[in-house]
>>> print(open('target-v1.txt').read())   # compact mmCIF, C-alpha atoms
# COMPACT_ATOMS: atom_id res chain seq x y z
CA MET A 1 89.04 158.02 25.56
CA ASN A 2 86.71 155.08 25.37
CA ALA A 3 86.88 152.08 23.11
CA GLN A 4 84.59 153.62 20.53
CA GLN A 5 86.69 156.77 20.30
CA PHE A 6 89.83 154.70 20.04
CA ALA A 7 88.34 152.55 17.28
CA ARG A 8 87.17 155.65 15.48
CA THR A 9 90.65 157.12 15.71
CA LEU A 10 92.11 153.97 14.17
CA ASP A 11 89.59 154.23 11.34
CA GLU A 12 90.50 157.86 10.73
CA LEU A 13 94.22 157.12 10.85
CA GLU A 14 93.98 154.44 8.22
CA ALA A 15 91.59 156.42 6.07
CA GLU A 16 94.39 158.98 5.87
CA ARG A 17 97.20 156.51 5.33
CA VAL A 18 95.62 154.05 2.91
CA PRO A 19 93.25 155.67 0.40
CA ALA A 20 90.01 153.96 -0.54
CA SER A 21 91.25 153.93 -4.15
CA LEU A 22 93.81 151.26 -3.26
CA ASP A 23 93.80 148.52 -5.88
CA LEU A 24 96.19 145.61 -5.52
CA TRP A 25 94.51 143.55 -8.20
CA PRO A 26 96.43 144.75 -11.30
CA ARG A 27 99.80 143.73 -9.91
CA LEU A 28 98.37 140.54 -8.43
CA ARG A 29 96.93 139.59 -11.81
CA ALA A 30 100.20 140.46 -13.53
CA ARG A 31 102.13 138.21 -11.21
CA ILE A 32 99.71 135.33 -11.55
CA THR A 33 99.46 135.49 -15.31
CA ALA A 34 103.19 135.97 -15.73
CA GLN A 35 103.91 132.63 -14.16
CA PRO A 36 101.85 129.50 -14.74
CA ARG A 37 100.01 128.14 -11.75
CA GLY A 38 101.99 125.34 -10.22
CA ALA A 39 105.29 126.89 -11.09
CA ARG A 40 105.17 129.29 -8.18
CA PRO A 41 106.22 126.99 -5.31
CA GLY A 42 109.98 126.98 -4.91
CA ARG A 43 110.47 130.40 -6.39
CA SER A 44 112.49 132.66 -4.16
CA LEU A 45 110.96 135.70 -2.55
CA ALA A 46 113.80 137.78 -3.89
CA VAL A 47 112.71 137.00 -7.43
CA THR A 48 109.14 137.72 -6.42
CA ARG A 49 110.08 141.11 -5.15
CA LEU A 50 112.13 141.74 -8.24
CA GLY A 51 109.04 141.06 -10.29
CA TRP A 52 107.13 143.56 -8.24
CA ALA A 53 109.88 146.05 -8.71
CA ALA A 54 109.80 145.67 -12.45
CA LEU A 55 106.07 146.27 -12.48
CA ALA A 56 106.03 149.12 -10.04
CA VAL A 57 109.10 150.97 -11.18
CA VAL A 58 107.57 151.98 -14.49
CA GLY A 59 104.68 153.72 -12.81
CA LEU A 60 106.62 155.21 -9.96
CA LEU A 61 109.85 156.27 -11.61
CA LEU A 62 108.57 159.48 -13.11
CA LEU A 63 106.66 160.47 -10.00
CA SER A 64 109.49 159.72 -7.60
CA THR A 65 112.09 161.36 -9.79
CA THR A 66 109.98 164.47 -10.00
CA ALA A 67 109.35 164.55 -6.26
CA TYR A 68 113.00 163.96 -5.56
CA ALA A 69 114.13 166.68 -7.87
CA THR A 70 111.77 169.33 -6.58
CA MET A 71 112.27 168.67 -2.88
CA PRO A 72 114.68 166.01 -1.67
CA THR A 73 113.24 163.33 0.55
CA ILE A 74 115.64 164.09 3.39
CA GLY A 75 114.33 167.63 3.60
CA ARG A 76 110.76 166.39 3.67
CA LEU A 77 111.58 163.98 6.47
CA LEU A 78 113.19 166.72 8.53
CA ARG A 79 110.22 169.03 8.11
CA LEU A 80 107.70 166.34 9.00
CA PHE A 81 109.37 164.78 12.00
CA GLU A 82 111.18 167.77 13.49
CA PRO A 83 109.24 170.81 12.32
CA GLN A 84 110.27 172.98 15.23
CA THR A 85 114.00 172.45 15.03
CA MET A 86 114.53 171.46 11.42
CA GLY A 87 111.74 173.34 9.71
CA GLN A 88 114.16 174.74 7.19
CA GLY A 89 114.96 171.23 6.07
CA GLU A 90 118.34 170.33 4.71
CA SER A 91 119.26 173.92 3.97
CA LEU A 92 120.48 174.04 7.57
CA GLY A 93 123.16 171.43 7.12
CA GLN A 94 125.73 170.42 4.57
CA GLN A 95 125.38 168.30 1.46
CA LEU A 96 127.77 165.35 1.54
CA ASN A 97 127.17 163.50 -1.70
CA LEU A 98 129.18 160.47 -0.64
CA SER A 99 128.25 156.99 -1.71
CA GLN A 100 129.53 153.46 -1.44
CA THR A 101 128.34 150.36 -3.27
CA ILE A 102 128.67 146.81 -2.02
CA GLY A 103 127.07 144.06 -4.03
CA ASP A 104 123.74 145.28 -5.30
CA VAL A 105 123.32 147.99 -2.69
CA THR A 106 124.43 151.60 -2.70
CA VAL A 107 124.35 153.70 0.45
CA ALA A 108 124.51 157.43 -0.20
CA MET A 109 125.36 159.85 2.58
CA GLU A 110 123.49 162.87 1.34
CA TRP A 111 123.40 165.39 4.12
CA ALA A 112 124.65 166.08 7.63
CA TYR A 113 124.09 168.70 10.29
CA ALA A 114 125.73 169.30 13.66
CA ASP A 115 124.99 171.73 16.43
CA ALA A 116 126.12 171.75 20.04
CA GLU A 117 123.53 169.16 21.02
CA HIS A 118 122.84 166.88 18.08
CA ILE A 119 124.25 165.48 14.88
CA ARG A 120 121.84 164.52 12.13
CA ILE A 121 122.78 162.32 9.20
CA GLY A 122 120.55 161.94 6.14
CA TYR A 123 121.18 159.01 3.84
CA THR A 124 119.56 156.81 1.24
CA VAL A 125 119.79 153.06 0.70
CA ARG A 126 119.19 151.80 -2.83
CA SER A 127 119.32 148.29 -4.20
CA HIS A 128 119.94 147.85 -7.89
CA ASP A 129 117.43 145.04 -8.26
CA GLY A 130 114.51 146.37 -6.26
CA ARG A 131 115.07 144.28 -3.17
CA ARG A 132 114.54 146.16 0.05
CA PHE A 133 117.54 146.57 2.34
CA ASP A 134 117.19 148.12 5.79
CA PRO A 135 120.00 149.84 7.70
CA LEU A 136 121.54 147.88 10.52
CA ASN A 137 124.20 148.41 13.21
CA ILE A 138 124.69 152.09 12.55
CA SER A 139 127.46 153.76 14.51
CA LEU A 140 128.91 157.24 14.43
CA ALA A 141 132.31 158.02 15.91
CA ASP A 142 134.20 161.26 16.40
CA ALA A 143 137.84 161.89 15.47
CA THR A 144 139.04 160.12 18.62
CA GLY A 145 137.05 157.02 17.77
CA ALA A 146 134.53 157.57 20.56
CA LEU A 147 131.07 156.38 19.63
CA LEU A 148 128.34 158.99 19.81
CA PRO A 149 125.02 157.97 21.42
CA PHE A 150 122.18 157.24 19.03
CA THR A 151 119.15 159.38 19.89
CA MET A 152 116.49 158.57 17.34
CA GLY A 153 115.87 157.87 13.69
CA TYR A 154 113.12 158.09 11.14
CA GLY A 155 112.71 157.31 7.48
CA VAL A 156 110.50 156.45 4.56
CA VAL A 157 110.13 153.57 2.13
CA GLY A 158 107.61 153.24 -0.65
CA GLU A 159 104.91 155.87 -0.92
CA SER A 160 103.96 158.41 1.71
CA GLU A 161 101.14 160.85 1.21
CA ARG A 162 102.14 162.79 4.31
CA LEU A 163 105.61 163.29 2.88
CA GLY A 164 104.46 163.62 -0.70
CA VAL A 165 107.02 161.14 -2.01
CA ALA A 166 106.86 157.88 -3.89
CA LEU A 167 110.18 156.08 -3.81
CA PRO A 168 110.89 153.29 -6.28
CA PRO A 169 111.17 149.72 -4.98
CA GLY A 170 114.47 149.08 -3.30
CA GLU A 171 114.98 152.68 -2.20
CA SER A 172 114.56 154.14 1.26
CA SER A 173 115.70 157.35 2.95
CA TYR A 174 116.51 157.93 6.59
CA VAL A 175 117.63 160.53 9.08
CA GLN A 176 119.58 159.35 12.13
CA VAL A 177 120.08 161.65 15.08
CA PHE A 178 123.00 161.29 17.48
CA ALA A 179 123.87 163.22 20.62
CA ASN A 180 126.81 165.49 19.98
CA GLU A 181 129.26 164.41 22.62
CA ALA A 182 132.19 164.73 20.25
CA ARG A 183 135.30 166.06 21.88
CA GLY A 184 137.09 169.16 20.77
CA ALA A 185 134.49 170.58 18.41
CA ALA A 186 133.33 174.06 19.23
CA ILE A 187 130.76 176.03 17.32
CA GLY A 188 132.22 177.18 14.05
CA GLU A 189 134.81 174.42 13.90
CA ASP A 190 134.73 171.34 11.76
CA LEU A 191 133.73 168.05 13.29
CA ARG A 192 135.38 164.94 11.86
CA LEU A 193 133.07 161.95 11.87
CA ARG A 194 133.14 158.32 10.80
CA LEU A 195 129.89 156.50 10.14
CA GLU A 196 129.61 152.75 9.74
CA MET A 197 126.54 150.73 8.95
CA GLU A 198 125.37 147.50 7.40
CA ALA A 199 122.37 146.81 5.21
CA GLU A 200 120.21 143.73 5.51
CA GLU A 201 117.69 142.52 2.99
CA LEU A 202 114.12 142.51 4.27
CA VAL A 203 112.60 139.18 3.36
CA LEU A 204 108.87 139.23 3.82
CA PRO A 205 107.58 136.26 5.79
CA THR A 206 104.90 134.26 4.05
CA PRO A 207 101.96 132.71 5.87
CA ALA A 208 102.68 129.24 7.18
CA PRO A 209 101.42 126.37 5.04
CA ALA A 210 98.29 124.58 6.06
CA ALA A 211 98.67 121.81 8.60
CA THR A 212 98.55 118.29 7.25
CA GLY A 213 95.28 116.66 8.14
CA ASP A 214 93.48 119.94 8.66
CA PRO A 215 93.19 121.41 5.21
CA ALA A 216 90.25 123.57 6.19
CA ALA A 217 92.35 125.37 8.73
CA GLY A 218 94.35 127.23 6.11
CA PRO A 219 97.65 128.92 6.86
CA ALA A 220 97.05 129.10 10.61
CA GLY A 221 94.14 127.02 11.66
CA PRO A 222 92.13 127.30 14.85
CA GLY A 223 93.74 125.63 17.79
CA SER A 224 97.25 125.89 16.48
CA GLU A 225 99.87 128.55 16.09
CA ARG A 226 102.67 127.52 13.79
CA LEU A 227 105.74 129.57 14.45
CA GLN A 228 108.22 129.68 11.62
CA PRO A 229 111.79 130.93 11.87
CA LEU A 230 111.97 134.45 10.54
CA PRO A 231 113.63 134.48 7.13
CA VAL A 232 117.01 136.12 7.06
CA GLY A 233 118.01 138.15 4.05
CA GLU A 234 121.39 139.00 2.62
CA ARG A 235 123.53 141.25 4.81
CA LEU A 236 126.05 143.61 3.24
CA GLY A 237 128.66 145.87 4.71
CA PRO A 238 130.09 147.53 6.55
CA PHE A 239 129.58 150.71 4.57
CA THR A 240 132.04 153.27 5.89
CA PHE A 241 132.02 157.03 5.44
CA GLU A 242 134.40 159.66 6.78
CA PHE A 243 133.51 163.32 6.51
CA SER A 244 133.73 166.68 8.24
CA ILE A 245 130.90 169.09 8.96
CA PRO A 246 130.88 172.43 10.74
CA VAL A 247 129.23 172.75 14.15
CA VAL A 248 126.61 175.47 14.01
CA SER A 249 124.52 177.23 16.63
CA SER A 250 121.50 175.27 17.83
CA GLN A 251 118.26 176.03 16.06
CA MET B 252 79.12 137.25 -7.70
CA ASP B 253 78.98 136.54 -3.98
CA GLU B 254 81.82 135.33 -1.82
CA ARG B 255 80.92 131.64 -1.98
CA GLU B 256 80.75 131.75 -5.75
CA ALA B 257 84.06 133.59 -5.84
CA VAL B 258 85.70 130.88 -3.75
CA ALA B 259 84.13 128.19 -5.91
CA ARG B 260 85.40 129.85 -9.08
CA LEU B 261 88.85 130.22 -7.58
CA LYS B 262 88.87 126.54 -6.70
CA ARG B 263 88.17 125.83 -10.38
CA GLY B 264 91.25 127.86 -11.31
CA ASP B 265 89.38 130.97 -12.39
CA ILE B 266 91.35 133.99 -11.18
CA GLY B 267 88.19 136.06 -11.57
CA GLY B 268 87.21 134.57 -8.23
CA LEU B 269 90.39 135.89 -6.67
CA GLU B 270 89.73 139.31 -8.14
CA VAL B 271 86.36 139.46 -6.39
CA LEU B 272 87.87 138.41 -3.08
CA ALA B 273 90.83 140.78 -3.44
CA ARG B 274 88.66 143.76 -4.27
CA THR B 275 86.31 142.92 -1.40
CA TYR B 276 88.92 142.69 1.33
CA GLN B 277 92.07 144.45 0.10
CA LEU B 278 91.32 147.83 1.66
CA ARG B 279 90.38 146.64 5.12
CA ALA B 280 93.21 144.09 5.11
CA THR B 281 95.83 146.65 4.01
CA ARG B 282 94.69 149.15 6.61
CA ALA B 283 94.81 146.50 9.34
CA ALA B 284 98.27 145.41 8.20
CA ASP B 285 99.45 149.03 8.09
CA LEU B 286 98.43 149.55 11.70
CA ILE B 287 100.67 146.61 12.62
CA VAL B 288 103.68 147.08 10.32
CA ARG B 289 103.40 150.90 10.23
CA ASP B 290 104.61 150.98 6.65
CA ARG B 291 102.08 151.24 3.84
CA SER B 292 104.34 149.71 1.22
CA LEU B 293 105.09 146.73 3.44
CA ALA B 294 101.40 146.43 4.35
CA GLU B 295 100.50 146.16 0.67
CA ASP B 296 103.20 143.52 0.25
CA VAL B 297 101.80 141.56 3.18
CA VAL B 298 98.26 141.58 1.79
CA ALA B 299 99.35 140.76 -1.75
CA GLU B 300 101.57 137.90 -0.61
CA THR B 301 98.75 136.53 1.52
CA LEU B 302 96.36 136.66 -1.44
CA LEU B 303 98.89 134.89 -3.64
CA HIS B 304 99.45 132.30 -0.95
CA ILE B 305 95.72 131.69 -0.82
CA TYR B 306 95.58 131.47 -4.61
CA GLU B 307 98.13 128.67 -4.49
CA ARG B 308 96.41 126.76 -1.70
CA ILE B 309 92.74 127.49 -2.21
CA ALA B 310 92.14 123.77 -2.76
CA GLN B 311 92.78 123.28 0.96
CA PHE B 312 90.21 125.86 2.01
CA ASP B 313 86.83 124.61 3.22
CA ALA B 314 84.33 126.51 1.11
CA GLY B 315 81.77 126.05 3.84
CA ARG B 316 83.61 128.47 6.08
CA PRO B 317 83.42 132.25 5.74
CA PHE B 318 86.39 133.51 3.76
CA GLY B 319 86.74 137.00 5.24
CA PRO B 320 87.63 136.23 8.88
CA TRP B 321 90.07 133.55 7.78
CA PHE B 322 91.77 135.85 5.27
CA LEU B 323 92.00 138.75 7.70
CA ARG B 324 93.48 136.46 10.33
CA CYS B 325 96.13 135.33 7.85
CA VAL B 326 96.93 138.97 7.07
CA VAL B 327 97.23 139.89 10.75
CA ASN B 328 99.57 136.94 11.38
CA ALA B 329 101.75 137.80 8.39
CA ALA B 330 101.81 141.47 9.36
CA ARG B 331 102.82 140.63 12.90
CA GLU B 332 105.72 138.51 11.63
CA ALA B 333 106.79 141.21 9.18
CA ALA B 334 106.65 143.87 11.90
CA THR B 335 108.67 141.68 14.25
CA GLN B 336 111.37 141.27 11.66
CA ARG B 337 111.36 144.93 10.69
CA GLU B 338 111.55 146.24 14.23
CA ARG B 339 114.32 143.80 15.04
CA HIS B 340 116.45 145.64 12.53
CA VAL B 341 115.16 149.20 12.68
CA PRO B 342 114.28 150.43 16.17
CA LEU B 343 111.31 152.74 15.97
CA SER B 344 112.84 155.19 18.38
CA GLY B 345 111.96 158.02 16.07
CA GLU B 346 108.31 157.34 16.74
CA GLN B 347 108.99 157.41 20.44
CA GLY B 348 110.41 160.87 20.00
CA ASP B 349 107.40 161.75 17.92
CA LEU B 350 105.06 160.81 20.78
CA GLU B 351 107.03 162.82 23.28
CA GLN B 352 107.03 165.75 20.94
CA VAL B 353 103.27 165.57 20.53
CA LEU B 354 102.60 165.22 24.24
CA ALA B 355 105.03 167.99 25.12
CA SER B 356 103.43 170.39 22.69
CA GLN B 357 102.01 173.37 24.49
CA ALA B 358 99.22 173.53 21.96
CA LEU B 359 97.76 170.29 23.24
CA GLY B 360 95.37 171.40 25.94
CA PRO B 361 92.01 169.73 26.54
CA GLU B 362 90.30 172.27 24.34
CA ILE B 363 92.43 171.20 21.45
CA LEU B 364 91.43 167.58 21.71
CA ALA B 365 88.73 168.29 19.21
CA GLU B 366 91.57 168.61 16.79
CA ARG B 367 91.43 165.08 15.55
CA ALA B 368 94.71 165.35 13.73
CA GLU B 369 96.67 165.78 16.94
CA LEU B 370 94.77 162.92 18.51
CA ARG B 371 95.54 160.68 15.57
CA THR B 372 99.19 161.61 15.70
CA ALA B 373 99.39 160.79 19.41
CA VAL B 374 97.56 157.47 19.04
CA TRP B 375 99.73 156.52 16.08
CA ALA B 376 102.89 157.27 18.02
CA ALA B 377 101.64 155.39 21.08
CA LEU B 378 100.80 152.34 18.95
CA GLY B 379 104.37 152.42 17.73
CA ARG B 380 105.56 151.79 21.25
CA LEU B 381 103.64 148.53 21.54
CA SER B 382 105.22 145.28 20.47
CA PRO B 383 104.05 143.82 17.15
CA ALA B 384 102.11 141.13 19.01
CA GLU B 385 100.36 143.74 21.14
CA ARG B 386 99.59 145.87 18.11
CA ALA B 387 98.17 142.82 16.35
CA ALA B 388 95.90 142.14 19.33
CA VAL B 389 94.76 145.76 19.48
CA VAL B 390 94.05 145.77 15.75
CA GLN B 391 92.04 142.57 15.91
CA ARG B 392 90.00 143.87 18.84
CA TYR B 393 89.50 147.53 18.02
CA TYR B 394 89.96 147.78 14.25
CA LEU B 395 88.62 144.46 13.00
CA GLY B 396 86.09 144.22 15.80
CA LEU B 397 86.81 140.67 16.95
CA SER B 398 85.63 139.65 20.41
CA GLU B 399 88.12 138.27 22.91
CA GLN B 400 86.48 134.88 22.51
CA GLU B 401 86.96 134.97 18.74
CA MET B 402 90.56 136.06 19.12
CA ALA B 403 91.23 133.25 21.60
CA ALA B 404 89.63 130.65 19.34
CA GLU B 405 91.70 131.75 16.38
CA ALA B 406 94.94 131.95 18.33
CA GLY B 407 94.34 128.59 19.97
CA CYS B 408 94.75 129.93 23.48
CA SER B 409 92.49 130.64 26.41
CA PRO B 410 90.31 133.76 26.52
CA GLY B 411 92.19 134.72 29.66
CA THR B 412 95.44 134.93 27.72
CA ILE B 413 93.88 137.25 25.17
CA LYS B 414 92.21 139.28 27.90
CA TRP B 415 95.54 139.71 29.68
CA ARG B 416 97.38 140.63 26.48
CA LEU B 417 94.78 143.24 25.65
CA HIS B 418 94.74 144.50 29.21
CA GLN B 419 98.49 145.04 29.12
CA ALA B 420 98.30 146.84 25.79
CA ARG B 421 95.44 149.05 27.00
CA GLU B 422 97.25 149.91 30.21
CA ARG B 423 100.33 150.93 28.31
CA LEU B 424 98.35 153.01 25.83
CA ARG B 425 96.42 154.65 28.62
CA HIS B 426 99.65 155.46 30.44
CA TRP B 427 101.28 157.01 27.40
CA LEU B 428 98.21 158.93 26.33
CA ARG B 429 97.20 160.09 29.80
CA PRO B 430 98.66 163.61 29.32
CA LEU B 431 96.01 164.18 26.71
CA TRP B 432 93.16 163.46 29.07
CA GLY B 433 94.49 164.42 32.50
CA THR B 434 94.24 161.81 35.25
CA ALA B 435 90.65 160.79 34.72
CA PRO B 436 90.28 157.08 34.05
CA ALA B 437 89.76 156.16 30.45
CA ALA B 438 86.40 154.47 30.50
CA GLY B 439 86.92 152.35 27.46
CA PHE B 440 90.27 151.06 28.65
CA ALA B 441 89.18 150.29 32.19
CA GLY B 442 89.72 146.55 32.14
CA PRO B 443 87.11 143.89 32.94
CA GLN B 444 84.29 146.40 33.23
CA GLU B 445 84.87 147.51 29.72
CA ILE B 446 81.71 147.83 27.72
CA GLU B 447 81.57 145.22 25.01
CA ILE B 448 81.92 146.99 21.71
CA ARG B 449 81.12 144.95 18.65
CA ARG B 450 81.93 147.01 15.67
CA GLU B 451 80.37 146.14 12.40
CA VAL B 452 82.70 144.20 10.21
CA ARG B 453 81.44 143.72 6.71
CA LEU B 454 82.73 140.31 5.81
>>> encode(input="target-v1.txt", output="structure tokens")
Amino acid sequence: MNAQQFARTLDELEAERVPASLDLWPRLRARITAQPRGARPGRSLAVTRLGWAALAVVGLLLLSTTAYATMPTIGRLLRLFEPQTMGQGESLGQQLNLSQTIGDVTVAMEWAYADAEHIRIGYTVRSHDGRRFDPLNISLADATGALLPFTMGYGVVGESERLGVALPPGESSYVQVFANEARGAAIGEDLRLRLEMEAEELVLPTPAPAATGDPAAGPAGPGSERLQPLPVGERLGPFTFEFSIPVVSSQ
Amino acid sequence: MDEREAVARLKRGDIGGLEVLARTYQLRATRAADLIVRDRSLAEDVVAETLLHIYERIAQFDAGRPFGPWFLRCVVNAAREAATQRERHVPLSGEQGDLEQVLASQALGPEILAERAELRTAVWAALGRLSPAERAAVVQRYYLGLSEQEMAAEAGCSPGTIKWRLHQARERLRHWLRPLWGTAPAAGFAGPQEIEIRREVRL
């Protein structure tokens, strides 16, 4: 592959992921006109994101609810990321329908699957106010308390054309895969598991302010690189879930 | 209305100027940000926040300078920071598995390389293995079409630093994607002898 082919591939990738019809202006205008100029500095990002949520939720609620009802997001994730082993989606595993709420965040354990090699957990994180919370420090233990090795994870937030879902602000869905090294669970028997996780608010960094004395340089002027501490959002948890699922034959 | 007039109107407090600038650059900026943060929703947030930030501080912008390169640089910096924070919390190991799955697929012989979809999937997964800083450098060079000299000037470092950072990123990409092309050297990622590619950037 040469540089031209690589650049062309990047173009094609983004043409697929971000449609040319993208239009950020309506929500930008709504935010600007909703708050007088000059009043913006000092406002918290959380409130900003809440404002976005209020604007976006109206348009997305119907679409996301419909998509969710016709084919749950977890099933779509399984089919996209593991088509060979999980092509049948969540029909292979067991619905859990467990949830726990701490503060403004609800974590719902929706689905789980276990075979001799892997354990897959599907769950959703929702904030009540539209803020985005990401999963953190996820651990899965068997009945003896032994931690099972994390293998991989994947998920979705916002809109995804590949998945055909549009989640409302503050909602994200994930599948975590662990190696099944649980002791004493043969195929056909129930596996007792305990999952713990935290959720941390994602606070979007804003560009650094312009340097004093170099107004033309803008947020990051030539000749300087201003590094700002990454903002840290609210952390909630631990969310704890205990459940049993049958071990089935590998797909 | 051209770009200079748009900036001038924005400086006078007319948000119509911002609308022109947003509609001119939003697509390219969001796509560049998405390549770095790998999350379309977050990419849109990054671009929108950067535009709002500019709206608040447009008085500090020198209208004699071109707006586009400056704005895109701000977006890349914000996207890199957002990606750093995101990946600190959510390891992208799923994408690593995705790459291995693609490369291990028996359907991926040389004759299938014409299948652009598989190629895109492999490149996307390989990009996910780079650090946010490396992805930002790759995006500036190969998506936005900046030269190494331009990247160095904007980052405030020597061209050698940028050259080395890009070289490392290219080597890693070439290593991960080698199964798709056998052992033949990848001409475009061959280091100092690389042919200078200046892609058209409509700014």
>>> closest_residue(input="target-v1.txt", among="A:Val203, A:Leu98, A:Leu167, A:Val248", to="Asp296 of chain B", atoms="only C-alpha atoms")
A:Val203
>>> atom_distance(input="target-v1.txt", atom1="atom CA of Gln400 of chain B", atom2="atom CA of Leu417 of chain B")
12.2 Å
>>> atom_distance(input="target-v1.txt", atom1="atom CA of Thr106 of chain A", atom2="atom CA of Leu236 of chain A")
10.1 Å
>>> residues_around(input="target-v1.txt", residues="segment 169-177 of chain A", least_positions_apart="4", cutoff="6 Å", atoms="only C-alpha atoms", output="ChimeraX atom specification")
/A:53,119-127,130-132,151-157
>>> decode(input="target-v1.txt", residues="segment 386-398 of chain B", atoms="N, CA, C and O atoms", output="CSV table (one decimal), in the first residue's frame")
chain,number,residue,atom,x,y,z
B,386,ARG,N,-2.3,8.6,16.0
B,386,ARG,CA,-3.4,8.8,15.0
B,386,ARG,C,-3.5,10.2,14.6
B,386,ARG,O,-3.8,10.5,13.4
B,387,ALA,N,-3.4,11.1,15.5
B,387,ALA,CA,-3.5,12.5,15.2
B,387,ALA,C,-2.5,12.9,14.1
B,387,ALA,O,-2.7,13.6,13.1
B,388,ALA,N,-1.2,12.4,14.3
B,388,ALA,CA,-0.2,12.7,13.3
B,388,ALA,C,-0.5,12.1,11.9
B,388,ALA,O,-0.4,12.7,10.9
B,389,VAL,N,-1.0,10.9,11.9
B,389,VAL,CA,-1.3,10.2,10.7
B,389,VAL,C,-2.5,10.9,10.0
B,389,VAL,O,-2.5,11.1,8.8
B,390,VAL,N,-3.5,11.4,10.8
B,390,VAL,CA,-4.6,12.1,10.2
B,390,VAL,C,-4.1,13.4,9.6
B,390,VAL,O,-4.6,13.8,8.5
B,391,GLN,N,-3.3,14.1,10.3
B,391,GLN,CA,-2.8,15.4,9.7
B,391,GLN,C,-2.0,15.2,8.4
B,391,GLN,O,-2.2,15.9,7.5
B,392,ARG,N,-1.2,14.1,8.4
B,392,ARG,CA,-0.4,13.9,7.2
B,392,ARG,C,-1.2,13.3,6.1
B,392,ARG,O,-1.0,13.8,4.9
B,393,TYR,N,-2.0,12.3,6.3
B,393,TYR,CA,-2.5,11.5,5.2
B,393,TYR,C,-4.0,11.8,5.0
B,393,TYR,O,-4.5,11.5,3.9
B,394,TYR,N,-4.7,12.4,5.9
B,394,TYR,CA,-6.1,12.8,5.7
B,394,TYR,C,-6.2,14.3,5.4
B,394,TYR,O,-6.9,14.7,4.5
B,395,LEU,N,-5.6,15.1,6.2
B,395,LEU,CA,-5.7,16.6,6.0
B,395,LEU,C,-4.6,17.0,5.0
B,395,LEU,O,-4.7,18.2,4.5
B,396,GLY,N,-3.6,16.2,4.7
B,396,GLY,CA,-2.6,16.5,3.7
B,396,GLY,C,-1.6,17.6,4.1
B,396,GLY,O,-1.0,18.2,3.2
B,397,LEU,N,-1.3,17.7,5.4
B,397,LEU,CA,-0.3,18.6,5.8
B,397,LEU,C,1.1,18.0,5.5
B,397,LEU,O,1.3,16.8,5.6
B,398,SER,N,2.1,18.8,5.2
B,398,SER,CA,3.4,18.4,5.1
B,398,SER,C,4.1,18.2,6.5
B,398,SER,O,3.6,18.8,7.4
